[in-house]
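Peer 1: This is the structure I have questions about; it appears just below.
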Amino acid sequence: MKYLHLVWRNLLRRKIRTTFTLLSIFVAFVLFGVLVGIRSAFTLGVELAGADRLVLLHRIGFMMFVPESYGSRMRSVQGVSDVTHSTWFGAYYQTPTSFFANMAVEPEPFLKMYPEYIVPEDQKKAWFDDRTGAIVGKPTAERFGWKIGDRVPLISPIFNRPDGTPWTFTIRGIYTAEKKGVDDTQFFFNRQYLSETFRGVSFIEGNVGWFIIRVNDPANADQIAQRIDGLFANSANETKTATEAQFVQNFAKQIGDIGSIVTAITGAVLFTILLVAGNTMAQSIRERIGELAVLKTLGFTDGKVLGLVLLESIFIAVLGGGAGLLVGWLLVSAGDPTGGFLPAFYYPPRQLVVGAVIVLGLGVAAGILPGLKANRLRIVDALRRN
Amino acid sequence: MGWISQVVAVTALNIRTIRQRLGSSAVAVVGIAGVVIVFIAVLSIGEGFRKVLIDTAYPDTALVLRAGADTEMTSGLSGDEAKVAVEGAGIRRGPNGPIASPELLVIADVPKRSTGTPANVPLRGVQPQAFEARPELSIVEGRRFEPGRNELIVGRAAMREFELQPGMSVRWGEHTWAIVGVFEADGAAAESEIWADARVLQPAYRRGNSFQSVRAKLESVDSFDKFKDALTTDPRLKVTVVRESDYYAEQSTVLHSIVRTIGYGIAVLMGIGAVFGAINTMYSAVAARTREIATLRALGFGASAVMVSVLVEAILLSLIGGILGGALAYAAFDGFTTATMNWQSFSQVAFAFAVTPALLIQGIVSAATMGLLGGLFPAIRAARLPIVTALREL
């Protein structure tokens, strides 16, 4: 550590160059954070999908209903531990452009199926007991200024109330997500409200959007999915069951290569920025090869000189890159920049590690070549160069 | 000597000596080119998407949806309602009566060619009037489907992006369909769709005698209000009437705003990085020429002429970067075809990236701005160089 001062003086030698090299590295790693966010947003946070959950849809597609009566038949399949259903409601608040996902669910089984939604106990109870009750994620509640107990009118173009009035829900709970990246913008309400409103309309009363199935052992998930589909094969409503991860993945693939194209080109440019910064760092060491020869003359071993050089380049990389990673992380953690369309815009902690590895890699790569060159040079040759 | 000619002389000198500073100048150029490529490429996604949805929609075509519905997907009209709507005032009349087409829109699972995974492809049930309501549509391969049969025709873009081929048969649910033709529609959103006879599609998707929309060709662009008023005041109907162009403009907003947020966000960040690079380059350019600049000043060249010349050099370098980046983005991305999900209707829209002239200009202007910002401080330093000490340097 006694050489730290020497490294520091070397960095201060060309203050402007050091400053802007640091800043370039800083920007590069802020950008890295944004890229990570975009990537998880476009893969819809697939790594957060429950491994033990299956999703069952109508074979023809998500817009077809599945009979509610299928639920009890699935329950009888070995390995299935829990079944609940959900129905896309497609409603909006005030204006059709105010998009947020809203679904009709069975409150108690639903929260059991998705422990990642955290609702305070008293609010949970209030929701279970209220036929017209709903829970909503914190960001959406804040967006519309909803508070517990508020009565909110929603209009669903899919489910028009027979009397033409809006649906009025009472906000019974505001939930938070257990982990970052879990979509906490959705609105869930008691399915009873929908069924009772359409009592006797079997097309709505007896049908649901999709089923969510929990299996005992994720290893058997695919097998169980096949067995369930087998139950309903050749019926009027054939089904298609897949793990939640497959479901999310397929959905993400529908969005297509936009996310990957954006990540690829930006990644390429990021690489260029780092290459340029690394080159500048290496350049500033190459310029001083004569001085390194002097150090060797003074008795510094090859290893020590290389160590000094590496220390300097790693120092710059860690300073700029570390700050960049931190700011990028703060920026991405501030949340979805599009106001609700990319709820999975978040920074998976694993990616912070990847970033840290790149930072170190940059430091080592920028220092090692000129450092080794200095080692190979004979002192006399190096001194003669100036 | 005039100020202008001083600027020209110093700038010319700067430019002639760029060759000696090729390395650091190239770094600045490449940095700025990179920013421009990303900026243009990302925004060209949004432009391409808009082109499909907006440029090909007609203001003299109106869409009738159920009251409150914002997409065809969430709309629904009974057979009777559709019958009333096609008789509305203001609809253009053709040889077979009013040119208004009740349509059904559902979704079919079709594997995407690029990934092999299922995608939600829009499947539209139509009747003969649909072809009259879209005169731009033409069959380019095979033939139209025959009424009453399980036959399909597919849009050119749908055929390109999804596993659909004339001669193929596909199975959805209990029904098997034969693909008998391919159609084109001026690059409109319809080209991402599959079409079938509405009367065959209705029972297959258990829709009874219901439709989702009525597409009406109006007498003229101005008869929209007449048509809208006639329908919305009709007590038998509860409908929303929108112009096709407004409808598709609305459909493109989500993707467009996502792409713009991402595009501008990344571009600003990278722009900051590129400006830092340019500052480094120009500072070293000034440092390398300390003596020359001092000599010029001693010869009587003004401080402002020196300053402007440094700025001009920075802007020139960045313009080279901007043009390079624009050209590369155009070569690599213009016309690149892909399909994505339209967030509003959860169904696929095929489109091509569009690098428009406006985007290119925006890219080059932002490059020049980066050059200006990058050159400013080094230029001020060049102008402020104390002549005597600078001459003594080196």
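By convention here, the chains of the structure tokens are called A, B, ... in the order presented, each chain's residues are numbered starting at 1, and ligands are numbered starting at 1 in the order presented.
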How would you write, as a PyMOL selection string, the set of residues in stretch 137-227 of chain B that DSSP gives as strand (DSSP E)?
Peer 2: chain B and resi 138-142+151-155+169-172+175-184+194-197+210-211+213-217
Peer 1: Please identify all residues of chain A having at least one atom at most 6 Å from any atom of chain B, considering only C-alpha atoms, and return them as a VMD selection string.
Peer 2: chain A and resid 20 24 27 60 157 to 158 254 to 256 269 338
Peer 1: Using only C-alpha atoms, which protein or nucleic acid residues come within 12 Å of A:Ala264? Drop anything in the same chain fewer than 3 positions from it, and give the result as number ranges by chain.
Peer 2: A: 32, 35-36, 38-39, 257-261, 267-271; B: 37-38, 41-42
Peer 1: Neighbours of stretch 175-183 of chain A within 10 Å (only C-alpha atoms; same-chain residues fewer than 2 positions away dropped), as a ChimeraX atom specification?
Peer 2: /A:37,40-41,44-49,101,115-120,123-124,135-139,141,172-173,185-187,333,335-336,340,342-349
Peer 1: Please list as a list in words every residue within 12 Å of A:Asp381, counting only C-alpha atoms and excluding residues in the same chain fewer than 2 positions away.
Peer 2: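 Near A:Asp381, the qualifying residues are Ile289, Gly290, Leu292, Ala293, Val294, Ala374, Asn375, Arg376, Leu377, Arg378, Ile379, Leu383, Arg384, Arg385 and Asn386 of chain A.
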Peer 1: Could you pull the residues within 10 Å of B:Val242, counting only C-alpha atoms, minus those fewer than 6 positions along the same chain, as a list in words?
Peer 2: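 Neighbouring residues, sequence-local ones excluded: Pro59, Thr61, Ala62, Leu63, Val64, Leu65, Asp70, Arg215, Phe224, Asp225, Lys228 and Tyr248 of chain B.
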Peer 1: Within 8 Å of stretch 277-280 of chain A, counting only C-alpha atoms, which residues qualify if same-chain residues fewer than 4 places away don't, as a PDB file with C-alpha atoms, in the first residue's frame?
Peer 2:
```pdb
ATOM      1  CA  THR A  21     -11.238   8.751 -18.861  1.00  0.00           C
ATOM      2  CA  SER A  24     -16.197   7.821 -19.915  1.00  0.00           C
ATOM      3  CA  ILE A  25     -15.901   4.664 -17.854  1.00  0.00           C
ATOM      4  CA  ILE A 273     -16.451   3.087 -25.297  1.00  0.00           C
ATOM      5  CA  SER A 284      -0.795   6.913 -20.581  1.00  0.00           C
ATOM      6  CA  LEU A 362     -11.170  -3.540 -18.012  1.00  0.00           C
ATOM      7  CA  GLY A 363      -8.584  -2.575 -15.384  1.00  0.00           C
ATOM      8  CA  ALA A 365      -6.734  -5.588 -19.736  1.00  0.00           C
ATOM      9  CA  ALA A 366      -5.717  -1.923 -19.929  1.00  0.00           C
TER      10      ALA A 366
END
```
Peer 1: Take atom CA of A:Asn160 and atom CA of B:Asp60 and report the distance between them in Å, one decimal.
Peer 2: 29.3 Å
